[in-house]
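Visitor: My structure file upload_13.cif, mmCIF, C-alpha atoms, is below:
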data_data
#
loop_
_atom_site.label_atom_id
_atom_site.label_comp_id
_atom_site.auth_asym_id
_atom_site.auth_seq_id
_atom_site.Cartn_x
_atom_site.Cartn_y
_atom_site.Cartn_z
CA MET A 1 25.02 -22.13 20.85
CA ASN A 2 21.26 -22.60 20.75
CA ASN A 3 18.28 -20.66 19.46
CA LEU A 4 18.12 -18.14 22.31
CA PRO A 5 18.53 -14.46 21.41
CA VAL A 6 22.22 -13.67 21.02
CA SER A 7 24.65 -10.82 21.21
CA ASP A 8 23.33 -7.76 19.40
CA SER A 9 26.72 -7.19 17.77
CA ARG A 10 26.19 -9.83 15.06
CA PHE A 11 23.06 -8.21 13.62
CA SER A 12 22.05 -4.74 12.50
CA TYR A 13 19.34 -4.57 15.16
CA PRO A 14 19.09 -5.95 18.70
CA PHE A 15 16.55 -8.75 19.06
CA SER A 16 14.65 -6.50 21.46
CA THR A 17 14.23 -3.94 18.66
CA LEU A 18 12.54 -6.53 16.45
CA GLN A 19 10.21 -7.32 19.34
CA GLN A 20 9.37 -3.64 19.82
CA ILE A 21 8.69 -3.17 16.11
CA ALA A 22 6.29 -6.12 16.27
CA ARG A 23 4.50 -4.56 19.26
CA ASP A 24 4.23 -1.24 17.43
CA ILE A 25 2.73 -2.93 14.38
CA LEU A 26 0.08 -4.68 16.45
CA ALA A 27 -0.78 -1.37 18.19
CA TYR A 28 -1.03 0.54 14.89
CA ALA A 29 -3.28 -2.16 13.45
CA LYS A 30 -5.61 -2.07 16.44
CA GLN A 31 -5.76 1.74 16.32
CA GLY A 32 -6.62 1.51 12.62
CA GLY A 33 -9.64 -0.69 13.22
CA ALA A 34 -8.20 -4.15 12.62
CA THR A 35 -9.96 -6.94 14.50
CA ALA A 36 -6.78 -9.06 14.34
CA CYS A 37 -3.20 -8.73 13.14
CA GLU A 38 -0.03 -10.77 12.70
CA THR A 39 3.48 -9.74 11.72
CA ASN A 40 6.91 -11.15 10.96
CA VAL A 41 10.01 -8.98 11.44
CA SER A 42 13.45 -10.23 10.36
CA ASP A 43 17.06 -9.14 10.08
CA GLY A 44 20.04 -11.00 8.65
CA PHE A 45 23.38 -10.91 6.89
CA GLY A 46 25.53 -13.11 4.72
CA GLN A 47 28.89 -13.46 3.01
CA THR A 48 29.56 -15.49 -0.14
CA VAL A 49 32.91 -15.99 -1.84
CA THR A 50 33.52 -17.83 -5.11
CA VAL A 51 36.98 -18.83 -6.29
CA ARG A 52 37.52 -20.06 -9.85
CA GLN A 53 40.85 -21.31 -11.19
CA SER A 54 42.52 -20.18 -7.95
CA ALA A 55 41.40 -16.58 -8.46
CA VAL A 56 38.70 -14.78 -6.51
CA GLU A 57 35.73 -14.39 -8.85
CA THR A 58 33.14 -12.84 -6.54
CA ILE A 59 32.88 -11.57 -2.98
CA GLU A 60 29.35 -10.72 -1.93
CA TYR A 61 28.10 -9.27 1.33
CA ASN A 62 24.47 -8.72 2.14
CA ARG A 63 22.52 -7.25 5.02
CA ASP A 64 18.79 -7.72 4.74
CA LYS A 65 15.83 -6.73 6.82
CA GLY A 66 12.11 -6.76 6.29
CA LEU A 67 8.71 -6.96 7.86
CA SER A 68 5.33 -8.17 6.70
CA VAL A 69 1.96 -7.23 8.16
CA THR A 70 -1.32 -9.09 7.78
CA VAL A 71 -4.45 -7.46 9.15
CA TYR A 72 -8.00 -8.75 9.40
CA MET A 73 -11.14 -6.66 9.46
CA GLY A 74 -13.67 -9.29 10.33
CA GLN A 75 -12.97 -11.84 7.61
CA LYS A 76 -11.43 -9.40 5.18
CA ARG A 77 -7.66 -9.75 4.88
CA GLY A 78 -4.94 -7.32 3.82
CA ASN A 79 -1.18 -7.73 3.63
CA ALA A 80 1.72 -5.33 3.09
CA SER A 81 5.48 -5.43 3.56
CA THR A 82 8.51 -3.16 3.67
CA SER A 83 12.27 -3.21 4.22
CA ASP A 84 12.21 0.21 5.88
CA PHE A 85 12.18 0.06 9.69
CA SER A 86 11.61 3.79 10.26
CA PRO A 87 8.52 4.60 12.39
CA GLN A 88 6.82 6.39 9.49
CA ALA A 89 7.41 3.49 7.10
CA ILE A 90 6.07 0.99 9.64
CA SER A 91 2.96 3.10 10.19
CA ASP A 92 2.46 3.52 6.43
CA THR A 93 2.82 -0.23 5.86
CA VAL A 94 0.14 -1.03 8.43
CA ALA A 95 -2.10 1.63 6.86
CA ALA A 96 -1.57 0.03 3.44
CA ALA A 97 -2.55 -3.40 4.78
CA LEU A 98 -5.69 -1.91 6.36
CA SER A 99 -6.60 -0.18 3.11
CA ILE A 100 -6.25 -3.43 1.17
CA ALA A 101 -8.38 -5.29 3.71
CA ARG A 102 -11.23 -2.81 3.32
CA TYR A 103 -11.52 -3.61 -0.39
CA THR A 104 -11.17 -7.40 -0.30
CA ALA A 105 -14.02 -9.87 -0.19
CA ASP A 106 -14.95 -11.76 2.95
CA ASP A 107 -13.23 -15.12 3.30
CA ASP A 108 -14.77 -17.37 5.93
CA CYS A 109 -11.47 -19.22 6.36
CA ALA A 110 -9.35 -16.11 6.94
CA GLY A 111 -8.01 -15.32 10.38
CA LEU A 112 -5.35 -16.09 12.94
CA ALA A 113 -4.64 -19.58 14.17
CA ASP A 114 -6.76 -20.89 17.04
CA ALA A 115 -5.31 -19.50 20.28
CA GLU A 116 -5.08 -22.86 22.03
CA LEU A 117 -2.77 -24.21 19.29
CA LEU A 118 -0.15 -21.47 19.54
CA ALA A 119 3.30 -22.44 20.81
CA GLN A 120 3.81 -21.47 24.43
CA ASN A 121 6.84 -23.18 25.94
CA TYR A 122 8.71 -24.21 22.84
CA PRO A 123 11.99 -26.18 22.83
CA GLN A 124 15.47 -24.85 22.19
CA LEU A 125 16.56 -26.40 18.90
CA ALA A 126 20.21 -25.32 18.49
CA LEU A 127 19.62 -23.57 15.16
CA TYR A 128 22.11 -20.72 15.45
CA TYR A 129 25.88 -21.12 15.19
CA PRO A 130 27.73 -17.97 14.11
CA TRP A 131 30.68 -18.66 11.83
CA GLU A 132 33.28 -16.06 12.73
CA ILE A 133 35.55 -16.40 9.72
CA SER A 134 37.41 -13.61 7.91
CA VAL A 135 37.10 -13.07 4.16
CA GLU A 136 40.75 -14.09 3.80
CA GLU A 137 40.02 -17.39 5.54
CA VAL A 138 36.94 -17.94 3.38
CA ILE A 139 38.99 -17.37 0.23
CA GLU A 140 41.61 -19.85 1.42
CA LEU A 141 38.93 -22.42 2.17
CA ALA A 142 37.44 -22.06 -1.33
CA LYS A 143 40.91 -22.38 -2.89
CA GLN A 144 41.59 -25.57 -0.91
CA CYS A 145 38.29 -27.00 -2.13
CA GLU A 146 39.01 -26.28 -5.80
CA GLN A 147 42.66 -27.42 -5.57
CA ALA A 148 41.53 -30.74 -4.08
CA ALA A 149 39.23 -31.21 -7.08
CA TYR A 150 41.98 -30.47 -9.61
CA ALA A 151 44.29 -32.92 -7.82
CA VAL A 152 41.92 -35.83 -8.37
CA ASP A 153 42.73 -36.39 -12.04
CA LYS A 154 44.60 -34.66 -14.89
CA ARG A 155 41.43 -34.87 -16.96
CA ILE A 156 39.86 -32.19 -14.81
CA THR A 157 40.60 -29.19 -17.00
CA ASN A 158 38.26 -26.47 -15.86
CA SER A 159 36.20 -25.26 -12.95
CA GLU A 160 32.87 -23.56 -12.42
CA GLY A 161 34.20 -22.50 -9.05
CA ALA A 162 34.23 -23.33 -5.37
CA THR A 163 31.89 -21.29 -3.18
CA VAL A 164 31.78 -20.75 0.58
CA SER A 165 28.69 -19.12 2.03
CA VAL A 166 27.90 -17.80 5.52
CA SER A 167 24.33 -16.85 6.43
CA GLU A 168 22.85 -15.71 9.76
CA SER A 169 19.44 -14.23 10.53
CA GLN A 170 16.92 -13.62 13.31
CA PHE A 171 13.16 -13.14 13.30
CA VAL A 172 10.17 -12.34 15.47
CA TYR A 173 6.62 -13.48 14.75
CA ALA A 174 3.79 -11.92 16.77
CA ASN A 175 0.01 -11.73 16.62
CA SER A 176 -2.84 -9.98 18.39
CA LEU A 177 -3.72 -13.09 20.40
CA GLY A 178 -0.75 -12.28 22.62
CA PHE A 179 1.77 -14.60 20.97
CA MET A 180 5.32 -13.45 20.32
CA GLY A 181 8.21 -15.75 19.49
CA GLY A 182 11.40 -15.84 17.51
CA TYR A 183 15.04 -16.82 17.46
CA PRO A 184 18.24 -16.60 15.40
CA LEU A 185 19.15 -19.05 12.64
CA SER A 186 22.28 -19.91 10.68
CA ARG A 187 22.96 -21.80 7.47
CA HIS A 188 26.46 -22.27 6.07
CA SER A 189 27.67 -24.11 2.98
CA ILE A 190 30.62 -25.11 0.81
CA SER A 191 30.17 -26.19 -2.82
CA CYS A 192 32.31 -27.05 -5.82
CA ALA A 193 31.58 -27.74 -9.51
CA MET A 194 34.23 -29.07 -11.87
CA ILE A 195 34.59 -29.91 -15.57
CA ALA A 196 36.44 -33.00 -16.83
CA GLU A 197 37.59 -33.49 -20.41
CA GLN A 198 38.71 -36.49 -22.45
CA GLY A 199 38.93 -36.23 -26.24
CA ASP A 200 35.73 -34.63 -27.46
CA SER A 201 33.87 -35.47 -24.26
CA LYS A 202 33.31 -32.89 -21.54
CA GLN A 203 31.40 -33.58 -18.34
CA ARG A 204 30.44 -31.51 -15.32
CA ASP A 205 29.47 -32.54 -11.82
CA TYR A 206 29.48 -31.04 -8.35
CA TRP A 207 29.23 -31.66 -4.64
CA TYR A 208 28.26 -29.52 -1.68
CA SER A 209 27.68 -29.57 2.05
CA VAL A 210 25.28 -27.45 4.11
CA ALA A 211 24.77 -27.22 7.87
CA ARG A 212 23.62 -24.95 10.70
CA ASP A 213 27.05 -25.27 12.33
CA ALA A 214 30.23 -24.89 10.26
CA VAL A 215 31.91 -27.71 12.22
CA ASP A 216 29.31 -30.11 10.79
CA LEU A 217 30.23 -29.30 7.18
CA GLU A 218 32.24 -31.80 5.20
CA THR A 219 35.81 -30.58 4.84
CA ALA A 220 36.61 -28.34 1.89
CA LYS A 221 39.11 -30.95 0.67
CA SER A 222 36.53 -33.75 0.79
CA ILE A 223 33.94 -31.68 -1.10
CA GLY A 224 36.47 -30.83 -3.81
CA GLN A 225 37.58 -34.45 -4.14
CA LYS A 226 34.00 -35.66 -4.51
CA ALA A 227 33.23 -33.00 -7.13
CA GLY A 228 36.36 -34.01 -9.05
CA MET A 229 35.71 -37.75 -8.86
CA ARG A 230 32.09 -37.38 -9.88
CA SER A 231 33.06 -35.27 -12.91
CA VAL A 232 35.70 -37.74 -14.11
CA ALA A 233 33.38 -40.71 -13.59
CA ARG A 234 30.94 -39.26 -16.12
CA LEU A 235 33.47 -39.16 -18.98
CA GLY A 236 32.60 -41.43 -21.87
CA ALA A 237 28.88 -41.29 -21.20
CA ARG A 238 26.73 -43.20 -23.69
CA LYS A 239 23.14 -43.27 -24.82
CA ILE A 240 21.12 -46.42 -24.20
CA PRO A 241 18.11 -47.87 -26.00
CA THR A 242 14.64 -47.43 -24.56
CA CYS A 243 13.87 -50.07 -21.96
CA GLU A 244 11.83 -50.81 -18.84
CA VAL A 245 14.11 -51.59 -15.89
CA PRO A 246 14.58 -51.03 -12.15
CA VAL A 247 15.82 -47.52 -11.33
CA LEU A 248 17.96 -46.56 -8.34
CA PHE A 249 17.80 -42.88 -7.34
CA GLU A 250 21.05 -41.79 -5.68
CA ALA A 251 20.51 -40.32 -2.20
CA PRO A 252 21.02 -36.60 -3.03
CA ILE A 253 18.20 -36.70 -5.60
CA ALA A 254 16.07 -39.45 -4.04
CA SER A 255 14.76 -36.91 -1.55
CA SER A 256 12.91 -35.25 -4.45
CA LEU A 257 10.46 -38.17 -4.30
CA ILE A 258 9.53 -37.11 -0.76
CA GLY A 259 9.04 -33.60 -2.11
CA HIS A 260 6.53 -34.79 -4.72
CA PHE A 261 4.56 -36.60 -2.02
CA ALA A 262 4.64 -33.61 0.33
CA SER A 263 3.40 -31.30 -2.41
CA ALA A 264 0.54 -33.66 -3.26
CA VAL A 265 -0.71 -33.82 0.35
CA SER A 266 -0.22 -30.15 1.18
CA GLY A 267 -3.25 -28.01 1.93
CA GLY A 268 -3.16 -25.77 -1.13
CA SER A 269 -3.08 -28.69 -3.56
CA LEU A 270 -5.82 -30.51 -1.67
CA TYR A 271 -8.40 -27.76 -1.30
CA ARG A 272 -7.87 -26.72 -4.92
CA GLU A 273 -8.31 -30.39 -5.89
CA SER A 274 -5.12 -30.23 -7.95
CA SER A 275 -3.48 -33.32 -6.46
CA PHE A 276 -3.20 -36.97 -7.40
CA LEU A 277 -3.51 -37.84 -3.70
CA LEU A 278 -6.94 -36.41 -2.84
CA ASN A 279 -8.65 -38.17 0.08
CA SER A 280 -5.53 -40.26 0.67
CA ILE A 281 -5.59 -40.42 4.50
CA GLY A 282 -5.89 -44.09 5.44
CA GLN A 283 -4.90 -45.16 1.93
CA GLN A 284 -1.96 -47.40 1.00
CA VAL A 285 0.17 -45.00 -1.06
CA PHE A 286 3.67 -46.42 -0.51
CA ALA A 287 5.12 -49.91 -0.33
CA PRO A 288 4.08 -51.57 2.97
CA ASP A 289 7.38 -51.10 4.83
CA ILE A 290 7.81 -47.38 4.11
CA GLN A 291 7.65 -44.81 6.91
CA ILE A 292 7.81 -41.02 6.56
CA LEU A 293 8.41 -39.09 9.77
CA GLU A 294 8.20 -35.36 10.37
CA LEU A 295 10.72 -34.33 13.02
CA PRO A 296 10.49 -30.54 13.54
CA HIS A 297 12.47 -30.60 16.80
CA MET A 298 15.73 -32.13 15.51
CA HIS A 299 18.68 -30.28 17.00
CA LYS A 300 20.56 -28.45 14.21
CA GLY A 301 17.95 -29.64 11.70
CA LEU A 302 17.93 -27.66 8.45
CA ALA A 303 14.13 -27.41 8.61
CA SER A 304 13.61 -27.54 12.36
CA SER A 305 11.12 -25.10 13.83
CA ALA A 306 9.43 -24.64 17.18
CA PHE A 307 6.35 -23.15 15.53
CA ASP A 308 5.03 -22.60 12.03
CA ASP A 309 4.33 -19.36 10.17
CA ASP A 310 1.00 -19.06 12.03
CA GLY A 311 2.67 -19.44 15.45
CA VAL A 312 1.20 -22.94 15.85
CA ALA A 313 3.35 -25.37 17.84
CA THR A 314 5.03 -28.00 15.67
CA VAL A 315 4.84 -31.67 16.67
CA GLU A 316 6.66 -34.84 15.75
CA ARG A 317 4.45 -37.28 13.86
CA LYS A 318 4.29 -40.20 11.46
CA VAL A 319 2.98 -38.88 8.17
CA VAL A 320 3.20 -42.31 6.52
CA GLU A 321 3.16 -45.52 8.55
CA ASN A 322 3.62 -48.90 6.88
CA GLY A 323 2.96 -47.22 3.55
CA ILE A 324 -0.39 -45.75 4.69
CA VAL A 325 -0.94 -41.97 4.77
CA GLN A 326 -1.68 -40.80 8.31
CA GLY A 327 -1.96 -37.05 7.75
CA TYR A 328 -1.56 -34.05 5.49
CA PHE A 329 0.53 -30.85 5.68
CA LEU A 330 -1.84 -28.06 6.66
CA GLY A 331 -1.65 -24.50 7.87
CA SER A 332 -4.57 -22.81 9.61
CA TYR A 333 -6.11 -21.46 6.40
CA SER A 334 -5.90 -24.66 4.36
CA ALA A 335 -7.15 -26.68 7.35
CA ARG A 336 -10.27 -24.52 7.55
CA LYS A 337 -10.81 -24.87 3.80
CA LEU A 338 -10.76 -28.64 4.23
CA GLY A 339 -12.75 -28.72 7.48
CA MET A 340 -9.74 -30.14 9.29
CA ARG A 341 -7.25 -29.15 12.00
CA THR A 342 -3.92 -27.47 11.24
CA THR A 343 -0.87 -29.73 11.41
CA GLY A 344 1.55 -26.87 12.12
CA ASN A 345 2.78 -26.68 8.54
CA ALA A 346 1.99 -23.09 7.56
CA GLY A 347 5.10 -22.17 5.59
CA GLY A 348 6.16 -25.72 4.76
CA THR A 349 7.34 -29.05 6.10
CA HIS A 350 9.85 -29.72 8.89
CA ASN A 351 12.55 -32.40 8.43
CA LEU A 352 10.81 -35.20 6.54
CA ILE A 353 12.63 -38.52 6.89
CA MET A 354 11.74 -41.49 4.67
CA GLN A 355 12.98 -44.92 5.76
CA ASN A 356 12.20 -48.60 5.79
CA ALA A 357 12.86 -51.41 8.25
CA THR A 358 16.10 -52.77 6.80
CA PRO A 359 18.16 -50.09 5.02
CA MET A 360 21.15 -51.32 3.03
CA ASP A 361 24.27 -49.59 1.74
CA LEU A 362 24.63 -48.47 -1.87
CA ASN A 363 26.48 -51.63 -2.90
CA GLY A 364 23.67 -53.69 -1.41
CA LEU A 365 21.10 -51.71 -3.38
CA LEU A 366 23.07 -52.21 -6.60
CA LYS A 367 23.22 -55.96 -5.97
CA LYS A 368 19.50 -56.04 -5.25
CA MET A 369 18.78 -54.13 -8.47
CA GLY A 370 20.92 -56.44 -10.59
CA THR A 371 20.53 -54.82 -14.00
CA GLY A 372 19.10 -51.33 -14.34
CA LEU A 373 19.82 -47.62 -14.10
CA LEU A 374 21.51 -45.66 -11.31
CA VAL A 375 20.32 -42.05 -11.62
CA THR A 376 22.63 -39.36 -10.24
CA GLU A 377 21.15 -36.24 -11.86
CA LEU A 378 17.64 -35.13 -12.75
CA LEU A 379 16.78 -32.43 -15.28
CA GLY A 380 13.57 -30.52 -15.92
CA HIS A 381 10.30 -30.57 -14.01
CA GLY A 382 7.99 -32.93 -15.87
CA ILE A 383 5.54 -33.67 -13.05
CA ASN A 384 1.78 -33.55 -13.53
CA ALA A 385 0.44 -32.67 -10.07
CA VAL A 386 -3.10 -33.78 -10.94
CA THR A 387 -2.39 -37.20 -12.45
CA GLY A 388 1.01 -37.98 -10.89
CA ASP A 389 2.57 -38.61 -14.29
CA TYR A 390 6.34 -38.34 -13.96
CA SER A 391 8.84 -37.68 -16.77
CA ARG A 392 12.25 -36.10 -16.25
CA GLY A 393 15.54 -35.89 -18.07
CA ALA A 394 18.29 -37.80 -16.33
CA SER A 395 21.87 -39.00 -16.38
CA GLY A 396 23.68 -41.63 -14.38
CA TYR A 397 25.17 -45.11 -14.80
CA TRP A 398 24.13 -48.39 -16.39
CA VAL A 399 24.36 -51.30 -13.98
CA GLU A 400 24.62 -55.02 -14.79
CA ASN A 401 24.83 -57.87 -12.28
CA GLY A 402 25.03 -55.32 -9.47
CA GLU A 403 28.10 -53.60 -10.90
CA VAL A 404 28.35 -50.11 -12.42
CA CYS A 405 29.33 -50.56 -16.09
CA TYR A 406 29.42 -47.14 -17.74
CA PRO A 407 27.95 -43.62 -17.51
CA VAL A 408 24.82 -42.76 -19.51
CA GLU A 409 23.32 -39.44 -20.58
CA GLU A 410 20.55 -37.91 -22.68
CA ILE A 411 17.86 -40.18 -21.28
CA THR A 412 14.40 -39.67 -19.81
CA ILE A 413 12.90 -41.67 -16.96
CA ALA A 414 9.12 -41.92 -16.79
CA GLY A 415 6.38 -43.45 -14.69
CA ASN A 416 3.44 -42.55 -12.50
CA LEU A 417 4.11 -41.36 -8.95
CA PRO A 418 1.50 -43.59 -7.23
CA GLU A 419 3.09 -46.60 -8.96
CA ILE A 420 6.60 -45.34 -8.18
CA PHE A 421 5.74 -44.94 -4.48
CA LYS A 422 4.24 -48.44 -4.27
CA GLY A 423 7.17 -49.80 -6.25
CA ILE A 424 9.86 -48.81 -3.72
CA LEU A 425 11.84 -52.00 -3.11
CA ALA A 426 14.48 -50.64 -0.72
CA ILE A 427 15.94 -47.49 0.81
CA GLY A 428 19.63 -47.03 1.45
CA SER A 429 21.51 -46.16 4.61
CA ASP A 430 23.59 -43.63 2.61
CA VAL A 431 21.64 -40.57 3.77
CA VAL A 432 23.03 -37.20 2.63
CA VAL A 433 21.58 -34.21 4.51
CA HIS A 434 21.22 -31.42 1.97
CA GLY A 435 17.85 -30.00 2.95
CA SER A 436 14.50 -30.48 4.64
CA LYS A 437 13.79 -33.90 3.10
CA GLN A 438 16.11 -36.80 3.84
CA CYS A 439 16.51 -40.42 2.79
CA GLY A 440 19.12 -42.78 1.44
CA SER A 441 19.18 -43.97 -2.16
CA VAL A 442 15.81 -45.34 -3.28
CA LEU A 443 15.31 -48.40 -5.49
CA ILE A 444 12.17 -48.48 -7.67
CA ASP A 445 11.02 -51.81 -9.11
CA ARG A 446 10.41 -50.58 -12.66
CA MET A 447 10.36 -47.39 -14.73
CA THR A 448 10.51 -46.60 -18.42
CA VAL A 449 13.92 -45.34 -19.53
CA ALA A 450 13.77 -43.57 -22.89
CA GLY A 451 17.14 -43.47 -24.59
CA GLY A 452 18.51 -42.46 -27.95
#
Please express what this file holds, its structure, as structure tokens.
Guide:
Amino acid sequence: MNNLPVSDSRFSYPFSTLQQIARDILAYAKQGGATACETNVSDGFGQTVTVRQSAVETIEYNRDKGLSVTVYMGQKRGNASTSDFSPQAISDTVAAALSIARYTADDDCAGLADAELLAQNYPQLALYYPWEISVEEVIELAKQCEQAAYAVDKRITNSEGATVSVSESQFVYANSLGFMGGYPLSRHSISCAMIAEQGDSKQRDYWYSVARDAVDLETAKSIGQKAGMRSVARLGARKIPTCEVPVLFEAPIASSLIGHFASAVSGGSLYRESSFLLNSIGQQVFAPDIQILELPHMHKGLASSAFDDDGVATVERKVVENGIVQGYFLGSYSARKLGMRTTGNAGGTHNLIMQNATPMDLNGLLKKMGTGLLVTELLGHGINAVTGDYSRGASGYWVENGEVCYPVEEITIAGNLPEIFKGILAIGSDVVVHGSKQCGSVLIDRMTVAGG
């Protein structure tokens, strides 16, 4: 299926009802004296089942709905929201937004997106795939996942559970410039976390898979096996002395480096001057062969979107080319604050892909590193957004001569993000798609590893 409106039977409200609610909101706002208005109306449901030690631990169902209204009276802005779709509640919510707007100060950057930038004929992105699975089948899937983990090794003695989640939603965004758009979305996942034990040592690790379409998920058995193997591999973890060595970020956590970059060149950080990458367009921020692409129109992409939260059409672009920053992530408001043009990123980024010219597999990266640290888990949030100083707890594996020697724990890795970005030696081909930011494992030339 694609992102066209679907059968009304899956949701609490027909798609046409969401559209009518949006029209009503715009009409109420105009009647109340608003010079402009925008609204987002959504409806969704989900099912989550967790099995632990072969017994059902939780079964959760949810049905959610909500709407938000933003009104403008000149350059005064007011916002209100509700989860009540009754006509009176909708009218009251618009009235509340209007009341707030009357008492706020003028903001010369407030207002709707420029009309010529709004999405008109947007692409179908295949973002909705209903997963018609019974609760009994979900339970069985979770049991298979956990059983596969236990079967890996007798040292796996406990479980934090296997979870299967189904989520489907639909939304409509509309504004008083005549724009109205929306579509259904889905996001399904399977996860497993296991505990391994040997002597006095206990270790925990996990694995998960997430996708728009359930057929694209890793199998429950494979997810369980990976969770089990990763837990056992961490047994016997040691501390290491403080050193300065190359560090290899495993793919599932390497994408966090893209996240730190995206945050630093996002509108809010830039106009508040709380970023270590101020005025970075045209600057060499990454190693010379690094590219970062934004691909909002990827079919089935976890962060694909035809338009942003302002209704502005999204576009594919190179954010970093040959290590040089080509653009920021801006919504309409932040763009005005900076005297720039929106990039269609109100609400966030859309499928950021970091790559280099010659990706290599994980074994190739280990050989290239020689001796150093393979990091498989990061702890804490020790990032200074203003200076780029980076310090996080970590665990992983010590590597010598390109071979994994033993697991390590209770360490901290530290550096400075501008130096880390420029120190990227290689990116792996082992991409794991777990979210909106994607890359293979990333090898950094040198970081400080503080041990015990």
Visitor: Nearest to Ser186 of chain A: which of A:Tyr208, A:Tyr150, A:Tyr129, A:Phe171 is it, counting only C-alpha atoms?
Guide: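 Ranked by minimum distance to Ser186 of chain A, first place goes to A:Tyr129.
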Visitor: Pick out the closest residue to Asn175 of chain A from this set: A:Leu257, A:Ala29, A:Ile100, A:Ala142. Count only C-alpha atoms.
Guide: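 Nearest candidate to Asn175 of chain A out of A:Leu257, A:Ala29, A:Ile100, A:Ala142: A:Ala29.
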Visitor: Distance atom CA of Arg187 of chain A-atom CA of Glu136 of chain A, one decimal place?
Guide: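 Spanning atom CA of Arg187 of chain A to atom CA of Glu136 of chain A is a straight-line distance of 19.7 Å.
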Visitor: Once the PyMOL selection byres ((chain A and resi 236) around 8) has been evaluated on this model, what residues remain selected, and can you format them as a list in words?
Guide: Gln198, Ser201, Arg234, Leu235, Ala237, Arg238, Tyr406 and Pro407 of chain A
Visitor: Give me the result of the PyMOL selection byres ((chain A and resi 369-373) around 6) on this file, residue by residue, as an NGL selection string.
Guide: :A and (245-247 or 366-368 or 374 or 397-402)
Visitor: Could you please take those selected residues and save C-alpha atoms as a CSV table (one decimal), keeping the file's coordinate frame?
Guide:
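The new file out-v1.csv reads:
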chain,number,residue,atom,x,y,z
A,245,VAL,CA,14.1,-51.6,-15.9
A,246,PRO,CA,14.6,-51.0,-12.2
A,247,VAL,CA,15.8,-47.5,-11.3
A,366,LEU,CA,23.1,-52.2,-6.6
A,367,LYS,CA,23.2,-56.0,-6.0
A,368,LYS,CA,19.5,-56.0,-5.2
A,374,LEU,CA,21.5,-45.7,-11.3
A,397,TYR,CA,25.2,-45.1,-14.8
A,398,TRP,CA,24.1,-48.4,-16.4
A,399,VAL,CA,24.4,-51.3,-14.0
A,400,GLU,CA,24.6,-55.0,-14.8
A,401,ASN,CA,24.8,-57.9,-12.3
A,402,GLY,CA,25.0,-55.3,-9.5
Visitor: Which residues are close to Lys437 of chain A, i.e. within 9 Å by all atoms listed in the file, leaving aside same-chain residues fewer than 6 positions away? Reply as a short mmCIF file (atom, residue, chain, number, x, y, z; two decimals) with C-alpha atoms, in the frame of the given file.
Guide:
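As written to disk, result_29.cif reads:
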data_model
loop_
_atom_site.label_atom_id
_atom_site.label_comp_id
_atom_site.auth_asym_id
_atom_site.auth_seq_id
_atom_site.Cartn_x
_atom_site.Cartn_y
_atom_site.Cartn_z
CA SER A 255 14.76 -36.91 -1.55
CA SER A 256 12.91 -35.25 -4.45
CA ILE A 258 9.53 -37.11 -0.76
CA GLY A 259 9.04 -33.60 -2.11
CA ALA A 303 14.13 -27.41 8.61
CA THR A 349 7.34 -29.05 6.10
CA HIS A 350 9.85 -29.72 8.89
CA ASN A 351 12.55 -32.40 8.43
CA LEU A 352 10.81 -35.20 6.54
CA ILE A 353 12.63 -38.52 6.89
CA MET A 354 11.74 -41.49 4.67
#
Visitor: Decode the PyMOL selection byres ((chain A and resi 22) around 12) for the given file into explicit residues and return them as a ChimeraX atom specification.
Guide: /A:15-21,23-29,37-42,66-70,85,87,90-91,94,171-176,178-182
Visitor: Around (-2.3, -46.9, 3.9) in the file's own coordinates, what residues are found within 10 Å if you use all atoms listed in the file, given back as a PDB file with C-alpha atoms, in the frame of the given file?
Guide:
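Heads up, here's the output in point39.pdb:
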ATOM      1  CA  SER A 280      -5.530 -40.260   0.670  1.00  0.00           C
ATOM      2  CA  ILE A 281      -5.590 -40.420   4.500  1.00  0.00           C
ATOM      3  CA  GLY A 282      -5.890 -44.090   5.440  1.00  0.00           C
ATOM      4  CA  GLN A 283      -4.900 -45.160   1.930  1.00  0.00           C
ATOM      5  CA  GLN A 284      -1.960 -47.400   1.000  1.00  0.00           C
ATOM      6  CA  VAL A 285       0.170 -45.000  -1.060  1.00  0.00           C
ATOM      7  CA  PHE A 286       3.670 -46.420  -0.510  1.00  0.00           C
ATOM      8  CA  ALA A 287       5.120 -49.910  -0.330  1.00  0.00           C
ATOM      9  CA  PRO A 288       4.080 -51.570   2.970  1.00  0.00           C
ATOM     10  CA  VAL A 320       3.200 -42.310   6.520  1.00  0.00           C
ATOM     11  CA  GLU A 321       3.160 -45.520   8.550  1.00  0.00           C
ATOM     12  CA  ASN A 322       3.620 -48.900   6.880  1.00  0.00           C
ATOM     13  CA  GLY A 323       2.960 -47.220   3.550  1.00  0.00           C
ATOM     14  CA  ILE A 324      -0.390 -45.750   4.690  1.00  0.00           C
ATOM     15  CA  VAL A 325      -0.940 -41.970   4.770  1.00  0.00           C
ATOM     16  CA  GLN A 326      -1.680 -40.800   8.310  1.00  0.00           C
TER      17      GLN A 326
END
Visitor: Between atom CA of Thr343 of chain A and atom CA of Ser305 of chain A, what distance in Å does the model show, to one decimal?
Guide: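 Between these atoms lies a distance of 13.1 Å.
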Visitor: Do a neighbour search on His297 of chain A at 10 Å with only C-alpha atoms, toss out local chain neighbours closer than 5 positions, and write the hits as a VMD selection string.
Guide: chain A and resid 122 to 126 303 to 307 314 to 316 350 to 351
